[in-house]
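Structure data follow from entry.pdb (PDB, C-alpha atoms):
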```pdb
ATOM      1  CA  MET A 161     -27.573 116.384   3.512  1.00  0.00           C
ATOM      2  CA  ASN A 162     -27.356 120.152   3.878  1.00  0.00           C
ATOM      3  CA  ARG A 163     -29.642 121.006   0.959  1.00  0.00           C
ATOM      4  CA  ILE A 164     -33.273 121.037  -0.158  1.00  0.00           C
ATOM      5  CA  ASN A 165     -33.728 120.127  -3.804  1.00  0.00           C
ATOM      6  CA  LEU A 166     -37.524 120.214  -4.032  1.00  0.00           C
ATOM      7  CA  ILE A 167     -40.420 121.685  -2.117  1.00  0.00           C
ATOM      8  CA  CYS A 168     -43.585 119.816  -3.075  1.00  0.00           C
ATOM      9  CA  LEU A 169     -47.019 121.339  -2.552  1.00  0.00           C
ATOM     10  CA  GLY A 170     -49.961 118.958  -2.735  1.00  0.00           C
ATOM     11  CA  VAL A 171     -52.737 120.662  -4.683  1.00  0.00           C
ATOM     12  CA  ARG A 172     -56.442 119.894  -5.007  1.00  0.00           C
ATOM     13  CA  ASP A 173     -56.856 121.261  -8.562  1.00  0.00           C
ATOM     14  CA  MET A 174     -53.750 120.951 -10.739  1.00  0.00           C
ATOM     15  CA  ALA A 175     -55.030 123.178 -13.559  1.00  0.00           C
ATOM     16  CA  LYS A 176     -55.992 125.998 -11.152  1.00  0.00           C
ATOM     17  CA  ALA A 177     -52.738 125.744  -9.192  1.00  0.00           C
ATOM     18  CA  LEU A 178     -50.635 125.691 -12.357  1.00  0.00           C
ATOM     19  CA  ALA A 179     -52.436 128.734 -13.774  1.00  0.00           C
ATOM     20  CA  PHE A 180     -52.057 130.603 -10.460  1.00  0.00           C
ATOM     21  CA  TYR A 181     -48.329 129.981 -10.036  1.00  0.00           C
ATOM     22  CA  LYS A 182     -47.586 130.719 -13.695  1.00  0.00           C
ATOM     23  CA  GLY A 183     -49.754 133.837 -13.376  1.00  0.00           C
ATOM     24  CA  ILE A 184     -47.682 135.227 -10.509  1.00  0.00           C
ATOM     25  CA  GLY A 185     -44.426 134.623 -12.355  1.00  0.00           C
ATOM     26  CA  PHE A 186     -43.196 131.089 -11.681  1.00  0.00           C
ATOM     27  CA  LYS A 187     -41.511 129.576 -14.770  1.00  0.00           C
ATOM     28  CA  THR A 188     -41.919 126.012 -16.035  1.00  0.00           C
ATOM     29  CA  ASP A 189     -41.260 124.129 -19.246  1.00  0.00           C
ATOM     30  CA  GLU A 190     -44.631 122.367 -18.828  1.00  0.00           C
ATOM     31  CA  LYS A 191     -46.937 122.846 -21.837  1.00  0.00           C
ATOM     32  CA  GLU A 192     -50.055 120.930 -20.678  1.00  0.00           C
ATOM     33  CA  ASP A 193     -52.873 122.672 -18.794  1.00  0.00           C
ATOM     34  CA  CYS A 194     -53.400 119.785 -16.365  1.00  0.00           C
ATOM     35  CA  PRO A 195     -50.262 117.607 -16.211  1.00  0.00           C
ATOM     36  CA  PRO A 196     -49.691 114.882 -13.612  1.00  0.00           C
ATOM     37  CA  ILE A 197     -46.828 116.837 -12.000  1.00  0.00           C
ATOM     38  CA  VAL A 198     -45.146 120.237 -12.481  1.00  0.00           C
ATOM     39  CA  PHE A 199     -41.664 121.470 -11.626  1.00  0.00           C
ATOM     40  CA  PHE A 200     -41.048 125.225 -11.591  1.00  0.00           C
ATOM     41  CA  ASN A 201     -37.602 126.472 -12.551  1.00  0.00           C
ATOM     42  CA  THR A 202     -36.851 128.661  -9.553  1.00  0.00           C
ATOM     43  CA  GLN A 203     -33.506 130.091  -8.523  1.00  0.00           C
ATOM     44  CA  GLY A 204     -32.116 127.461  -6.168  1.00  0.00           C
ATOM     45  CA  THR A 205     -34.631 124.956  -4.817  1.00  0.00           C
ATOM     46  CA  LYS A 206     -37.273 123.745  -7.278  1.00  0.00           C
ATOM     47  CA  LEU A 207     -40.959 124.186  -6.471  1.00  0.00           C
ATOM     48  CA  GLU A 208     -43.162 121.223  -7.361  1.00  0.00           C
ATOM     49  CA  ILE A 209     -46.943 120.885  -7.411  1.00  0.00           C
ATOM     50  CA  PHE A 210     -48.485 117.426  -7.266  1.00  0.00           C
ATOM     51  CA  PRO A 211     -52.070 116.167  -6.786  1.00  0.00           C
ATOM     52  CA  LEU A 212     -52.774 116.040  -3.041  1.00  0.00           C
ATOM     53  CA  GLU A 213     -54.512 112.623  -3.009  1.00  0.00           C
ATOM     54  CA  GLN A 214     -51.590 111.094  -4.895  1.00  0.00           C
ATOM     55  CA  LEU A 215     -49.117 112.748  -2.534  1.00  0.00           C
ATOM     56  CA  VAL A 216     -50.627 111.169   0.581  1.00  0.00           C
ATOM     57  CA  GLU A 217     -50.604 107.773  -1.181  1.00  0.00           C
ATOM     58  CA  ASP A 218     -46.982 108.324  -2.193  1.00  0.00           C
ATOM     59  CA  ILE A 219     -46.115 108.844   1.488  1.00  0.00           C
ATOM     60  CA  ASP A 220     -47.822 105.590   2.538  1.00  0.00           C
ATOM     61  CA  GLU A 221     -50.102 103.571   0.241  1.00  0.00           C
ATOM     62  CA  GLU A 222     -51.456 101.335   3.000  1.00  0.00           C
ATOM     63  CA  ASN A 223     -51.911 103.976   5.688  1.00  0.00           C
ATOM     64  CA  PRO A 224     -51.895 107.437   4.061  1.00  0.00           C
ATOM     65  CA  PRO A 225     -51.779 110.427   6.415  1.00  0.00           C
ATOM     66  CA  ALA A 226     -55.127 112.119   7.005  1.00  0.00           C
ATOM     67  CA  LEU A 227     -55.687 115.274   5.025  1.00  0.00           C
ATOM     68  CA  SER A 228     -55.985 118.405   7.109  1.00  0.00           C
ATOM     69  CA  ALA A 229     -59.450 119.857   7.469  1.00  0.00           C
ATOM     70  CA  GLY A 230     -57.955 123.310   7.069  1.00  0.00           C
ATOM     71  CA  GLY A 231     -56.218 125.704   9.364  1.00  0.00           C
ATOM     72  CA  PHE A 232     -52.556 126.438   9.645  1.00  0.00           C
ATOM     73  CA  GLY A 233     -50.150 123.530   9.159  1.00  0.00           C
ATOM     74  CA  GLY A 234     -47.133 125.262  10.698  1.00  0.00           C
ATOM     75  CA  ILE A 235     -45.190 125.943   7.502  1.00  0.00           C
ATOM     76  CA  THR A 236     -44.771 129.065   5.400  1.00  0.00           C
ATOM     77  CA  LEU A 237     -42.910 129.679   2.179  1.00  0.00           C
ATOM     78  CA  ALA A 238     -41.082 132.923   1.517  1.00  0.00           C
ATOM     79  CA  CYS A 239     -40.011 135.027  -1.416  1.00  0.00           C
ATOM     80  CA  ASN A 240     -37.518 137.803  -0.692  1.00  0.00           C
ATOM     81  CA  MET A 241     -37.646 140.789  -3.004  1.00  0.00           C
ATOM     82  CA  LYS A 242     -35.177 143.554  -3.845  1.00  0.00           C
ATOM     83  CA  SER A 243     -37.572 146.488  -3.346  1.00  0.00           C
ATOM     84  CA  GLN A 244     -40.845 147.567  -1.790  1.00  0.00           C
ATOM     85  CA  GLN A 245     -42.173 148.034  -5.321  1.00  0.00           C
ATOM     86  CA  GLU A 246     -41.460 144.362  -6.177  1.00  0.00           C
ATOM     87  CA  VAL A 247     -43.405 143.290  -3.078  1.00  0.00           C
ATOM     88  CA  ASP A 248     -46.369 145.474  -4.024  1.00  0.00           C
ATOM     89  CA  GLU A 249     -46.309 144.266  -7.643  1.00  0.00           C
ATOM     90  CA  LEU A 250     -46.368 140.617  -6.567  1.00  0.00           C
ATOM     91  CA  PHE A 251     -49.281 141.224  -4.198  1.00  0.00           C
ATOM     92  CA  ALA A 252     -51.214 142.886  -7.032  1.00  0.00           C
ATOM     93  CA  LEU A 253     -50.605 139.801  -9.205  1.00  0.00           C
ATOM     94  CA  VAL A 254     -51.612 137.450  -6.401  1.00  0.00           C
ATOM     95  CA  ALA A 255     -54.949 139.254  -5.951  1.00  0.00           C
ATOM     96  CA  GLU A 256     -55.534 139.367  -9.717  1.00  0.00           C
ATOM     97  CA  LYS A 257     -54.850 135.625 -10.114  1.00  0.00           C
ATOM     98  CA  GLY A 258     -57.126 134.486  -7.281  1.00  0.00           C
ATOM     99  CA  GLY A 259     -54.833 134.304  -4.278  1.00  0.00           C
ATOM    100  CA  GLU A 260     -55.973 135.643  -0.894  1.00  0.00           C
ATOM    101  CA  VAL A 261     -54.077 138.538   0.643  1.00  0.00           C
ATOM    102  CA  VAL A 262     -53.973 137.593   4.328  1.00  0.00           C
ATOM    103  CA  LYS A 263     -51.802 140.452   5.555  1.00  0.00           C
ATOM    104  CA  SER A 264     -51.217 143.420   3.284  1.00  0.00           C
ATOM    105  CA  PRO A 265     -47.574 144.443   3.061  1.00  0.00           C
ATOM    106  CA  ARG A 266     -46.468 146.981   5.669  1.00  0.00           C
ATOM    107  CA  TRP A 267     -43.322 148.290   7.257  1.00  0.00           C
ATOM    108  CA  LEU A 268     -42.415 146.385  10.412  1.00  0.00           C
ATOM    109  CA  THR A 269     -40.300 148.200  12.970  1.00  0.00           C
ATOM    110  CA  SER A 270     -39.185 144.964  14.677  1.00  0.00           C
ATOM    111  CA  TRP A 271     -36.764 144.215  11.830  1.00  0.00           C
ATOM    112  CA  ASN A 272     -37.043 147.338   9.647  1.00  0.00           C
ATOM    113  CA  GLY A 273     -38.546 145.438   6.741  1.00  0.00           C
ATOM    114  CA  TYR A 274     -41.565 145.474   4.476  1.00  0.00           C
ATOM    115  CA  SER A 275     -43.603 142.284   4.563  1.00  0.00           C
ATOM    116  CA  GLY A 276     -46.997 140.710   3.958  1.00  0.00           C
ATOM    117  CA  TYR A 277     -48.617 137.288   3.560  1.00  0.00           C
ATOM    118  CA  PHE A 278     -50.846 135.668   0.978  1.00  0.00           C
ATOM    119  CA  ARG A 279     -52.495 132.273   0.723  1.00  0.00           C
ATOM    120  CA  ASP A 280     -52.884 130.234  -2.445  1.00  0.00           C
ATOM    121  CA  MET A 281     -56.037 128.276  -3.303  1.00  0.00           C
ATOM    122  CA  ASP A 282     -54.760 125.203  -1.444  1.00  0.00           C
ATOM    123  CA  GLY A 283     -54.151 127.132   1.774  1.00  0.00           C
ATOM    124  CA  TYR A 284     -50.354 127.477   1.572  1.00  0.00           C
ATOM    125  CA  TYR A 285     -49.109 130.676   3.200  1.00  0.00           C
ATOM    126  CA  TRP A 286     -46.423 132.744   1.488  1.00  0.00           C
ATOM    127  CA  GLU A 287     -44.523 135.643   2.996  1.00  0.00           C
ATOM    128  CA  VAL A 288     -43.254 138.231   0.541  1.00  0.00           C
ATOM    129  CA  ALA A 289     -40.703 140.573   2.092  1.00  0.00           C
ATOM    130  CA  TYR A 290     -38.113 143.263   1.437  1.00  0.00           C
ATOM    131  CA  GLY A 291     -35.353 144.484   3.711  1.00  0.00           C
ATOM    132  CA  PRO A 292     -33.456 147.655   2.808  1.00  0.00           C
ATOM    133  CA  ASN A 293     -30.178 146.186   4.091  1.00  0.00           C
ATOM    134  CA  TRP A 294     -30.489 142.811   2.371  1.00  0.00           C
ATOM    135  CA  GLN A 295     -27.867 141.609  -0.052  1.00  0.00           C
ATOM    136  CA  PHE A 296     -28.280 139.040  -2.812  1.00  0.00           C
ATOM    137  CA  ASP A 297     -25.666 136.795  -4.429  1.00  0.00           C
ATOM    138  CA  GLU A 298     -25.028 136.299  -8.156  1.00  0.00           C
ATOM    139  CA  ASN A 299     -27.996 133.877  -8.301  1.00  0.00           C
ATOM    140  CA  ASP A 300     -30.385 136.393  -6.704  1.00  0.00           C
ATOM    141  CA  MET A 301     -30.451 134.332  -3.502  1.00  0.00           C
ATOM    142  CA  LEU A 302     -30.654 136.214  -0.203  1.00  0.00           C
ATOM    143  CA  VAL A 303     -27.332 136.266   1.654  1.00  0.00           C
ATOM    144  CA  ILE A 304     -27.971 135.398   5.301  1.00  0.00           C
ATOM    145  CA  GLY A 305     -25.328 135.725   7.976  1.00  0.00           C
TER
END
```

Is it possible to give me this structure as structure tokens?
Amino acid sequence: MNRINLICLGVRDMAKALAFYKGIGFKTDEKEDCPPIVFFNTQGTKLEIFPLEQLVEDIDEENPPALSAGGFGGITLACNMKSQQEVDELFALVAEKGGEVVKSPRWLTSWNGYSGYFRDMDGYYWEVAYGPNWQFDENDMLVIG
């Protein structure tokens, strides 16, 4: 089972979430403005957005998990870039498209990298980072190890 095929984000407003993720560069074949489900064609694992109320029912129809009242749920998503400029460009898009910059990108001496965090309209935290010594494979996936 050593793979993750999909990461599903439950969203409160499908049209807003779809516009945001398309606006910051995620690609999809979806043509509708407010479809029942969306799959983004990412490099590697697919990113999915799905209505939050339907997601909790999909987990357990008879006893759905309680929706969080906010706060941090203990998970972040990450996008690793090939330059400081790519990080800065993505943060500019995020701000333009309605995302919240939580931590502006900065150089971190602990690992000699450039990193920041943003939050989408459903509260999901994303780290966007660049490391000058990072290497990427033929699929633009970060080589770790």

Tell me which protein, DNA and RNA residues are within 10 Å of Gly291 (chain A), counting all atoms listed in the file, leaving out same-chain ones fewer than 3 positions away, and put them as a compact mmCIF listing (two decimals) with C-alpha atoms, keeping the file's coordinate frame.
```
# COMPACT_ATOMS: atom_id res chain seq x y z
CA ASN A 240 -37.52 137.80 -0.69
CA MET A 241 -37.65 140.79 -3.00
CA LYS A 242 -35.18 143.55 -3.84
CA SER A 243 -37.57 146.49 -3.35
CA GLN A 244 -40.84 147.57 -1.79
CA TRP A 267 -43.32 148.29 7.26
CA LEU A 268 -42.42 146.38 10.41
CA TRP A 271 -36.76 144.22 11.83
CA ASN A 272 -37.04 147.34 9.65
CA GLY A 273 -38.55 145.44 6.74
CA TYR A 274 -41.56 145.47 4.48
CA SER A 275 -43.60 142.28 4.56
CA TRP A 294 -30.49 142.81 2.37
CA GLN A 295 -27.87 141.61 -0.05
```

- Task: Would you mind listing what lies within 8 Å of Phe186 (chain A) as a VMD selection string, with all atoms listed in the file counted and same-chain residues fewer than 4 positions away left out?
- Result: chain A and resid 181 to 182 200 to 202

- Once the PyMOL selection byres ((chain A and resi 302) around 12) has been applied to the shown file, what residues remain in the selection, as a PyMOL selection string? chain A and resi 203-204+238-242+289-291+293-301+303-305

- Item | Test item: residues at most 12 Å from Ala179 (chain A), all atoms listed in the file, excluding those fewer than 3 positions along its chain, as number ranges by chain | A: 173-176, 182-188, 190-195, 198, 209, 254, 256-259, 280-281

- In Å, how far is it from CA of Ala229 (chain A) to CA of Val262 (chain A)?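 Rounded to one decimal, the two atoms are 18.8 Å apart.
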
- Spell out the residues picked by the PyMOL selection byres ((chain A and resi 211-225) around 6) here, as a VMD selection string. chain A and resid 170 to 172 210 226

- Using the chain letters and numbering of this document, enumerate as a list in words the residues selected by the PyMOL selection byres ((chain A and resi 265) around 6). Ser264, Arg266, Ser275 and Gly276 of chain A

Emit as AutoDock Vina command-line options the padded axis-aligned box for all listed atoms of region 164-175 of chain A, 3 Å per side, with centre and edge lengths in Å to one decimal.
```
--center_x -45.1 --center_y 121.1 --center_z -6.9 --size_x 29.6 --size_y 10.2 --size_z 19.4
```

- CA of Tyr285 (chain A) and CA of Leu178 (chain A) are how many Å apart?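 Rounded to one decimal, the two atoms are 16.4 Å apart.
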
- Nearest to Ala177 (chain A), restricted to all atoms listed in the file and choosing among A:Val288, A:Arg163, A:Asp282, A:Leu237, comes out as A:Asp282

- Message: One number please: CA of Phe251 (chain A) to CA of Glu287 (chain A), in Å, one decimal.
- Response: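 Straight-line distance from CA of Phe251 (chain A) to CA of Glu287 (chain A) works out to 10.3 Å.
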
- Message: Using only C-alpha atoms for the distances, tell me which of A:Ile235, A:Ala255, A:Leu166, A:Leu250 is nearest to Glu208 (chain A).
- Response: A:Leu166

Start from the incomplete input, build N, CA and C atoms for region 196-209 of chain A, and deliver everything as a PDB file, keeping the file's coordinate frame.
```pdb
ATOM      1  N   PRO A 196     -49.698 115.656 -14.855  1.00  0.00           N
ATOM      2  CA  PRO A 196     -49.691 114.882 -13.612  1.00  0.00           C
ATOM      3  C   PRO A 196     -48.771 115.456 -12.538  1.00  0.00           C
ATOM      4  N   ILE A 197     -47.776 116.236 -12.934  1.00  0.00           N
ATOM      5  CA  ILE A 197     -46.828 116.837 -12.000  1.00  0.00           C
ATOM      6  C   ILE A 197     -46.189 118.042 -12.694  1.00  0.00           C
ATOM      7  N   VAL A 198     -45.796 119.050 -11.911  1.00  0.00           N
ATOM      8  CA  VAL A 198     -45.146 120.237 -12.481  1.00  0.00           C
ATOM      9  C   VAL A 198     -43.942 120.606 -11.621  1.00  0.00           C
ATOM     10  N   PHE A 199     -42.847 120.944 -12.290  1.00  0.00           N
ATOM     11  CA  PHE A 199     -41.664 121.470 -11.626  1.00  0.00           C
ATOM     12  C   PHE A 199     -41.445 122.887 -12.133  1.00  0.00           C
ATOM     13  N   PHE A 200     -41.318 123.837 -11.224  1.00  0.00           N
ATOM     14  CA  PHE A 200     -41.048 125.225 -11.591  1.00  0.00           C
ATOM     15  C   PHE A 200     -39.545 125.474 -11.499  1.00  0.00           C
ATOM     16  N   ASN A 201     -39.027 126.181 -12.469  1.00  0.00           N
ATOM     17  CA  ASN A 201     -37.602 126.472 -12.551  1.00  0.00           C
ATOM     18  C   ASN A 201     -37.269 127.720 -11.741  1.00  0.00           C
ATOM     19  N   THR A 202     -37.154 127.544 -10.447  1.00  0.00           N
ATOM     20  CA  THR A 202     -36.851 128.661  -9.553  1.00  0.00           C
ATOM     21  C   THR A 202     -35.344 128.796  -9.397  1.00  0.00           C
ATOM     22  N   GLN A 203     -34.929 129.882  -8.797  1.00  0.00           N
ATOM     23  CA  GLN A 203     -33.506 130.091  -8.523  1.00  0.00           C
ATOM     24  C   GLN A 203     -33.173 129.349  -7.239  1.00  0.00           C
ATOM     25  N   GLY A 204     -32.435 128.258  -7.343  1.00  0.00           N
ATOM     26  CA  GLY A 204     -32.116 127.461  -6.168  1.00  0.00           C
ATOM     27  C   GLY A 204     -33.017 126.243  -6.103  1.00  0.00           C
ATOM     28  N   THR A 205     -33.735 126.079  -5.031  1.00  0.00           N
ATOM     29  CA  THR A 205     -34.631 124.956  -4.817  1.00  0.00           C
ATOM     30  C   THR A 205     -35.766 124.990  -5.833  1.00  0.00           C
ATOM     31  N   LYS A 206     -36.144 123.825  -6.348  1.00  0.00           N
ATOM     32  CA  LYS A 206     -37.273 123.745  -7.278  1.00  0.00           C
ATOM     33  C   LYS A 206     -38.577 123.666  -6.485  1.00  0.00           C
ATOM     34  N   LEU A 207     -39.619 124.294  -7.030  1.00  0.00           N
ATOM     35  CA  LEU A 207     -40.959 124.186  -6.471  1.00  0.00           C
ATOM     36  C   LEU A 207     -41.735 123.203  -7.331  1.00  0.00           C
ATOM     37  N   GLU A 208     -42.394 122.260  -6.678  1.00  0.00           N
ATOM     38  CA  GLU A 208     -43.162 121.223  -7.361  1.00  0.00           C
ATOM     39  C   GLU A 208     -44.608 121.289  -6.894  1.00  0.00           C
ATOM     40  N   ILE A 209     -45.551 121.088  -7.818  1.00  0.00           N
ATOM     41  CA  ILE A 209     -46.943 120.885  -7.411  1.00  0.00           C
ATOM     42  C   ILE A 209     -47.354 119.504  -7.893  1.00  0.00           C
TER      43      ILE A 209
END
```
